[in-house]
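So the structure is just underneath, and the comments pick up after that.
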Amino acid sequence: MTSLSPVAVTELGRRSQTASPSPLARNPISLRLYKVLGASFDDEATREALSTLSELYAPSGSPALHPTAKQDDTGPCEVDEADMERIRDVPGFLQGAAPGDTAAKARKHLRRDIESKLEEGSLKLLAAFGSVDQKLDALQTHITAMRARCEEAQAQLQSTNEACVSLLDRAGSLRDERQEVKTRQSIVTLFLARFTLSDDETNSLSSPDVPVGHTFFAAMDRAQAIRQDCRVLMAGEDSPSKAGLDIMAVTSSHLEKACDKLFRWCRSEFRSMGRDASLEVSNELSEAVRRLRSRPELLADALTVLAQTRQTALLASFTSALTTGSRTGSLSARPIDLHAHDALRYIGDMLAWVHQAIAAEREFLEALLSIDPGARMPGAVRAPAHAEDEWLGELMDAAVAGLCGPLRARVLQTVRAQESGLNAYKVARLLHFYALTMARTLGSRALLATTLRETTAASYAVFFDAIAAQGRALLRVSLDTADASLTQPQALLTHAQDIRAILALHTAEADTDSEDEADGVSGGSGGDGATIERALDALVDPAVRMCISAAEEKDTLLRRRAGPGGTAYTWDRPVFVLNCLTYLADTLSPHPCATRKHMELDSTIEARVRDLIEEHYENILRDSGLHDAIRACEQTPPDEPLAHVIACDPSALRNALSSFARWLASLDAVHAPRLTALTASALHVRVHRTAQRRLGHAYAALCARVREPRSRYEAATTLLGAERPFGSVAALWQIFGIDEDAQGDDQDEGGKSI
């Protein structure tokens with residue numbers, strides 16, 4: 001039912017009072033209705049009471065379940081099964097209480113029902129509290145008994161405490177002592193764990209059954225760390241403690257045993273390296289060698305075993321490569337001795353094998369000694385900066401020392417069998433190169449470097465003997481008298497070819513040495529310079545003497561044959577000699593190392609050229625017809641009349657000038673057929689030009705002398721102008737094609753311009 005708000009009820013009451021009284025206002029039902037509608041049920045207590053009533057009088061599914069007032073005394077438990085059957089037979093729409101019956105009963109029996117409920121609840125509460133009271137009585141009995149027992153125990157405990165006070169004090173002191181002992185024990189345990197080795201570590205350092213490996217090296221590191229920590233602790237004490245000294249002694253003993261074990265293991269490993277073909281260094285071996293550096297005497301003994309083993313192995317490998325060949329992987333090389341007929345290849349193969357073996361040996365030793373090769377270029381000088389570098393050099397020297405004997409014997413045998421100077425020089429240069437390389441790699445005092453220097457000196461001795469014999473053989477060469485050519489003989493061409501090859505080889509190596517010196521590497525170029533100078537003296541001087549002596553010998557023979565009634569003499573010795581000398585000079589000119597010899601040869605050529613110029617000048621004087629007139633002009637004193645000289649009288653002079661004019665009209669005036677045989681065209685031009693210039697100066701002197709009044713010539717101008725060049729020196733220069741202002745190219749021996 002919807003209730004009206006107080007405002008609405010007040011408004012209704014106000015209206016009812018103001019309205020005219022009516023019978024409806026005095027009606028009790030209306031008043032009750034107004035009261036009910038005006039009631040408020042918003043408080044919680046009212047709502048809770050109404051909710052309780054609704055639960056108390058909740059409608060059920062059968063009227064038999066809600067008895068009347070008379071039936072309430074017996075309760076719902078008295079409903080028997082017959083009633084339940086009867087209720088089930090009632091139709092569904094007739095079941096339940098009649099409308100309004102529940103509310104009526106509730107209004108009628110509300111108080112009685114509430115009191116009944118309160119009574120029922122009180123009875124249940126009393127029954128529950130009765131059982132609780134019984135249990136509480138039993139609990140009180142137990143508590144009383146327990147209190148009695150506790151009092152007895154307390155009394156006994158107090159008497160016991162009074163009797164055991166001293167014992168408790170002793171137990172407390174013992175407990176404190178035990179705690180202190182535990183603390184000390186933990187400290188001692190930690191100290192021993194820090195400063196002593198375990199049984200496994202001690203066993204790994206001394207027992208031969210434990211292999212050298214990570215465990216062994218870790219134990220050594222631990223022992224060294226213990227010694228270092230012990231030194232730090234002992235440094236802070238006034239005097240060394242017994243514990244510190246004991247620890248140092250024990251760890252020293254362990255380390256000595258470890259080093260001895262390392263030494264024996266390294267010797268065993270080094271001996272096995274002679275049987276293995278590959279040179280691979282394990283990490284354990286490298287680490288063992290590094291740790292043995294603290295015991296130099298043990299390391300030196302172990303490395304001595306290694307050097308002996310490697311020396312034997314390398315000697316066996318070298319002998320095998322010489323006689324049976326070598327094999328690398330799937331490739332096999334033929335025996336080196338098969339090329340013994342080719343000296344350069346034979347020696348080169350042996351030295352290349354040795355160099356390759358040294359390179360492999362060095363890589364092996366660098367890995368063994370843990371040496372960083374750095375950025376060193378191959379062939380560069382290895383300057384020892386540390387003790388390891390000295391060990392490396394000594395080990396390599398000892399390893400390859402066994403190769404020196406067989407290598408020396410074979411090289412000397414091959415070199416001494418050489419007859420060609422060029423081949424001997426090639427072999428010497430090859431040995432010189434490897435001697436420098438080994439000196440840079442192993443050191444100048446190494447046995448192999450010394451051996452190569454000795455073999456190089458022997459090779460140079462063979463080379464000088466060969467070129468000396470070649471020079472002597474060249475001096476015995478005779479020219480063919482039937483050969484009228486002026487070119488170089490075949491013997492000289494072959495000899496010059498050898499000189500050219502030797503110089504080219506030396507120049508190429510000198511360029512390489514210059515690059516090495518620019519990089520700070522000494523190549524010994526000073527000794528090479530002296531060697532090549534000596535070689536050039538032995539090669540060029542016999543060739544020059546051969547050219548001169550053979551030409552003189554041939555010229556003498558031809559002159560004898562061209563005597564009275566003999567054949568005409570057509571061979572030109574000076575031109576032949578100049579051709580040979582210029583060919584030798586051209587052979588030397590491209591090479592800077594032959595500068596001194598080239599200058600000496602140029603001096604010889606210059607002297608020969610001057611002789612040829614003088615001879616050619618005399619020839620053109622005779623060919624031109626002016627020889628007698630010019631010689632008379634030069635020999636006649638200035639105060640003596642030239643016209644009174646037989647060779648220069650007007651008639652003879654006129655004939656000479658006529659012959660000179662005819663010679664100027666011929667090709668011989670501008671071109672000398674004799675000089676065409678010169679292989680050097682520059683010499684051809686120089687000799688002919690110089691002779692022409694001297695002829696022009698002589699003609700000018702003759703003309704000047706003829707024009708002098710004291711020469712007593714009548715109509716001197718007419719005499720000179722009758723024939724070309726008409727007494728004009730300028731016209732003569734034009735005919736010769738010479739600039740009159742140009743200076744002479746040569747001077748005679750007295751310094752006079754020619």
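Following the order of the structure tokens, chains are lettered A, B, ..., residues in each are numbered from 1, and ligands are numbered from 1.
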
**Message:** When you look at range 639-642 of chain A with a cut-off of 7 Å (counting only C-alpha atoms), what residues show up, excluding the ones that are within fewer than 6 positions of it in the same chain? I need them as a list in words.
**Reply:**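 Within the cut-off, the hits are Cys648, Arg710, Ser711 and Arg712 of chain A.
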
Could you save those same residues with C-alpha atoms as a compact mmCIF listing (two decimals), in the first residue's frame?
# COMPACT_ATOMS: atom_id res chain seq x y z
CA CYS A 648 153.51 28.75 -102.98
CA ARG A 710 155.62 41.30 -98.08
CA SER A 711 154.55 38.03 -99.67
CA ARG A 712 155.53 39.69 -103.07

Determine, counting only C-alpha atoms, which protein, DNA and RNA residues have an atom within 12 Å of an atom of Tyr699 in chain A; residues of the same chain fewer than 4 positions away are not included. Present the result as a CSV table (one decimal) with N, CA, C and O atoms, in the first residue's frame.
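Generated output (part.csv):
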chain,number,residue,atom,x,y,z
A,621,LEU,N,143.1,17.7,-96.8
A,621,LEU,CA,144.1,18.7,-97.3
A,621,LEU,C,144.7,18.1,-98.6
A,621,LEU,O,144.9,18.9,-99.6
A,624,SER,N,142.0,18.0,-101.3
A,624,SER,CA,141.6,19.4,-101.9
A,624,SER,C,142.8,20.0,-102.6
A,624,SER,O,142.6,21.0,-103.3
A,625,GLY,N,144.0,19.5,-102.6
A,625,GLY,CA,145.2,20.1,-103.3
A,625,GLY,C,145.8,21.2,-102.5
A,625,GLY,O,146.8,21.8,-103.0
A,626,LEU,N,145.4,21.6,-101.3
A,626,LEU,CA,146.0,22.7,-100.6
A,626,LEU,C,147.0,22.2,-99.6
A,626,LEU,O,147.5,23.0,-98.8
A,627,HIS,N,147.4,20.9,-99.5
A,627,HIS,CA,148.3,20.4,-98.5
A,627,HIS,C,149.6,21.1,-98.6
A,627,HIS,O,150.1,21.7,-97.6
A,629,ALA,N,150.6,23.9,-100.1
A,629,ALA,CA,150.6,25.3,-100.0
A,629,ALA,C,150.3,25.7,-98.5
A,629,ALA,O,151.0,26.6,-98.0
A,630,ILE,N,149.4,25.0,-97.8
A,630,ILE,CA,149.1,25.4,-96.4
A,630,ILE,C,150.3,25.0,-95.5
A,630,ILE,O,150.7,25.7,-94.6
A,631,ARG,N,151.0,23.9,-95.8
A,631,ARG,CA,152.1,23.5,-95.0
A,631,ARG,C,153.3,24.5,-95.2
A,631,ARG,O,154.0,24.8,-94.2
A,633,CYS,N,152.9,27.6,-96.1
A,633,CYS,CA,152.5,28.9,-95.4
A,633,CYS,C,152.7,28.8,-93.9
A,633,CYS,O,153.1,29.8,-93.3
A,634,GLU,N,152.5,27.6,-93.3
A,634,GLU,CA,152.6,27.5,-91.9
A,634,GLU,C,154.1,27.4,-91.5
A,634,GLU,O,154.5,27.9,-90.4
A,656,ALA,N,147.0,24.9,-107.1
A,656,ALA,CA,146.4,24.4,-105.8
A,656,ALA,C,145.0,24.9,-105.6
A,656,ALA,O,144.1,24.2,-105.2
A,657,LEU,N,144.8,26.2,-105.9
A,657,LEU,CA,143.4,26.8,-105.8
A,657,LEU,C,142.5,26.2,-106.8
A,657,LEU,O,141.3,26.0,-106.5
A,660,PHE,N,141.5,22.9,-105.4
A,660,PHE,CA,140.6,23.2,-104.2
A,660,PHE,C,139.2,23.5,-104.7
A,660,PHE,O,138.2,23.0,-104.1
A,692,GLN,N,136.6,20.2,-91.5
A,692,GLN,CA,136.2,21.3,-92.3
A,692,GLN,C,136.5,22.7,-91.7
A,692,GLN,O,137.0,23.6,-92.4
A,693,ARG,N,136.2,22.8,-90.4
A,693,ARG,CA,136.5,24.0,-89.7
A,693,ARG,C,138.0,24.3,-89.7
A,693,ARG,O,138.4,25.5,-89.9
A,694,ARG,N,138.8,23.3,-89.5
A,694,ARG,CA,140.3,23.5,-89.5
A,694,ARG,C,140.7,23.9,-90.9
A,694,ARG,O,141.6,24.7,-91.1
A,695,LEU,N,140.1,23.3,-92.0
A,695,LEU,CA,140.5,23.6,-93.3
A,695,LEU,C,140.1,25.1,-93.6
A,695,LEU,O,140.8,25.8,-94.3
A,703,CYS,N,145.0,32.9,-97.4
A,703,CYS,CA,144.5,34.1,-98.1
A,703,CYS,C,145.1,35.3,-97.5
A,703,CYS,O,145.5,36.3,-98.2
A,704,ALA,N,145.1,35.4,-96.2
A,704,ALA,CA,145.6,36.6,-95.5
A,704,ALA,C,147.1,36.7,-95.8
A,704,ALA,O,147.6,37.9,-96.0
A,705,ARG,N,147.8,35.6,-95.8
A,705,ARG,CA,149.3,35.7,-96.1
A,705,ARG,C,149.5,36.1,-97.5
A,705,ARG,O,150.5,36.9,-97.8
A,706,VAL,N,148.7,35.6,-98.4
A,706,VAL,CA,148.9,36.0,-99.9
A,706,VAL,C,148.7,37.4,-100.1
A,706,VAL,O,149.3,38.1,-100.9
A,720,LEU,N,143.7,35.0,-106.1
A,720,LEU,CA,142.8,34.3,-105.2
A,720,LEU,C,141.3,34.3,-105.7
A,720,LEU,O,140.6,33.4,-105.4
A,724,ARG,N,136.7,29.4,-107.1
A,724,ARG,CA,135.9,29.3,-105.8
A,724,ARG,C,136.8,28.9,-104.7
A,724,ARG,O,137.7,28.0,-104.9
A,725,PRO,N,136.6,29.5,-103.6
A,725,PRO,CA,135.6,30.4,-103.1
A,725,PRO,C,136.0,31.8,-103.3
A,725,PRO,O,135.5,32.7,-102.5
A,726,PHE,N,136.9,32.1,-104.3
A,726,PHE,CA,137.2,33.5,-104.6
A,726,PHE,C,137.9,34.2,-103.5
A,726,PHE,O,137.6,35.4,-103.3
A,727,GLY,N,138.6,33.5,-102.7
A,727,GLY,CA,139.3,34.2,-101.6
A,727,GLY,C,138.4,34.6,-100.4
A,727,GLY,O,138.9,35.3,-99.5
A,728,SER,N,137.1,34.2,-100.4
A,728,SER,CA,136.2,34.6,-99.4
A,728,SER,C,136.0,33.4,-98.4
A,728,SER,O,135.5,32.4,-98.8
A,729,VAL,N,136.3,33.7,-97.2
A,729,VAL,CA,136.1,32.6,-96.2
A,729,VAL,C,134.6,32.5,-95.9
A,729,VAL,O,134.2,31.4,-95.6
A,730,ALA,N,133.9,33.6,-95.9
A,730,ALA,CA,132.4,33.5,-95.7
A,730,ALA,C,131.8,32.6,-96.7
A,730,ALA,O,130.9,31.8,-96.4
A,731,ALA,N,132.2,32.7,-98.0
A,731,ALA,CA,131.7,31.8,-99.0
A,731,ALA,C,132.0,30.3,-98.8
A,731,ALA,O,131.2,29.4,-99.0
A,732,LEU,N,133.2,30.1,-98.2
A,732,LEU,CA,133.6,28.7,-97.9
A,732,LEU,C,132.8,28.2,-96.8
A,732,LEU,O,132.4,27.0,-96.8
A,733,TRP,N,132.5,29.0,-95.8
A,733,TRP,CA,131.6,28.6,-94.7
A,733,TRP,C,130.2,28.2,-95.2
A,733,TRP,O,129.6,27.2,-94.8

**Request:** Skip range 248-263 of chain A itself and residues of its chain fewer than 5 positions away, then list as a list in words all residues within 6 Å of it, counting only C-alpha atoms.
**Result:** Leu205, Ser206 and Ala223 of chain A

**Contacts of range 333-347 of chain A at 9 Å (only C-alpha atoms; same-chain gap of 4+ positions) as number ranges by chain** = A: 320-328, 351-352, 407, 410-411, 414-415, 417-418, 423-424, 426-427, 430-431

**Message:** I'd like the contact shell of range 537-543 of chain A - 7 Å cut-off, only C-alpha atoms, skipping same-chain residues fewer than 4 positions apart - returned as a ChimeraX atom specification.
**Reply:** /A:467-468,471,474-475,492,533,547

Output of the above residues as a PDB file, in the first residue's frame, restricted to C-alpha atoms:
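Wrote selection_8.pdb, looks like this:
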ATOM      1  CA  ILE A 467     136.021 -13.414 -66.215  1.00  0.00           C
ATOM      2  CA  ALA A 468     139.815 -13.257 -65.984  1.00  0.00           C
ATOM      3  CA  GLY A 471     139.532 -11.798 -70.751  1.00  0.00           C
ATOM      4  CA  LEU A 474     139.491 -12.552 -75.594  1.00  0.00           C
ATOM      5  CA  LEU A 475     143.044 -11.242 -75.915  1.00  0.00           C
ATOM      6  CA  LEU A 492     133.359  -8.629 -78.759  1.00  0.00           C
ATOM      7  CA  GLU A 533     134.114  -1.955 -60.207  1.00  0.00           C
ATOM      8  CA  CYS A 547     140.203  -4.220 -79.975  1.00  0.00           C
TER       9      CYS A 547
END

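In this comparison, which uses only C-alpha atoms, the residue of A:Tyr34, A:Leu702, A:Phe41, A:Leu503 approaching Pro638 in chain A most closely is A:Leu702.
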
**Fill in**
With distances taken over only C-alpha atoms, the candidate from A:Glu162, A:Tyr425, A:Leu369, A:Thr319 nearest Gly405 in chain A is A:Thr319

Who sits within 9 Å of Gly402 in chain A, only C-alpha atoms, same chain under 4 positions skipped, as an mmCIF file with N, CA and C atoms, in the first residue's frame:
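Result saved to result.cif:
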data_model
loop_
_atom_site.group_PDB
_atom_site.id
_atom_site.type_symbol
_atom_site.label_atom_id
_atom_site.label_comp_id
_atom_site.auth_asym_id
_atom_site.auth_seq_id
_atom_site.Cartn_x
_atom_site.Cartn_y
_atom_site.Cartn_z
ATOM 1 N N GLN A 311 117.105 -29.745 -35.108
ATOM 2 C CA GLN A 311 118.266 -29.834 -35.992
ATOM 3 C C GLN A 311 118.288 -31.182 -36.712
ATOM 4 N N THR A 312 118.057 -32.237 -35.954
ATOM 5 C CA THR A 312 118.023 -33.574 -36.556
ATOM 6 C C THR A 312 116.874 -33.703 -37.552
ATOM 7 N N LEU A 314 115.283 -31.253 -39.235
ATOM 8 C CA LEU A 314 115.503 -30.445 -40.431
ATOM 9 C C LEU A 314 116.561 -31.062 -41.341
ATOM 10 N N LEU A 315 117.604 -31.610 -40.760
ATOM 11 C CA LEU A 315 118.635 -32.253 -41.579
ATOM 12 C C LEU A 315 118.059 -33.449 -42.328
ATOM 13 N N ALA A 398 120.635 -22.731 -33.972
ATOM 14 C CA ALA A 398 120.953 -24.121 -33.631
ATOM 15 C C ALA A 398 120.148 -25.102 -34.472
ATOM 16 N N PRO A 406 125.907 -29.898 -45.454
ATOM 17 C CA PRO A 406 125.474 -30.351 -46.785
ATOM 18 C C PRO A 406 125.273 -29.198 -47.765
#

**Request:** Would you list, as an NGL selection string, the residues of range 226-296 of chain A that end up in alpha helix (DSSP H) under DSSP run on this structure's backbone?
**Result:** :A and (226-235 or 242-272 or 283-292 or 296)

**Item:** Å distance separating CA of Ser317 in chain A from CA of Ser286 in chain A, one decimal place
**Value:**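 Going from CA of Ser317 in chain A over to CA of Ser286 in chain A, I get 24.7 Å.
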
**Complete:** Pairwise distance, CA of Gly172 in chain A with CA of Thr160 in chain A, equals 16.8 Å

**Message:** Which residues are close to range 679-690 of chain A, i.e. within 12 Å by only C-alpha atoms, leaving aside same-chain residues fewer than 3 positions away? Reply as a count of residues only.
**Reply:** 59
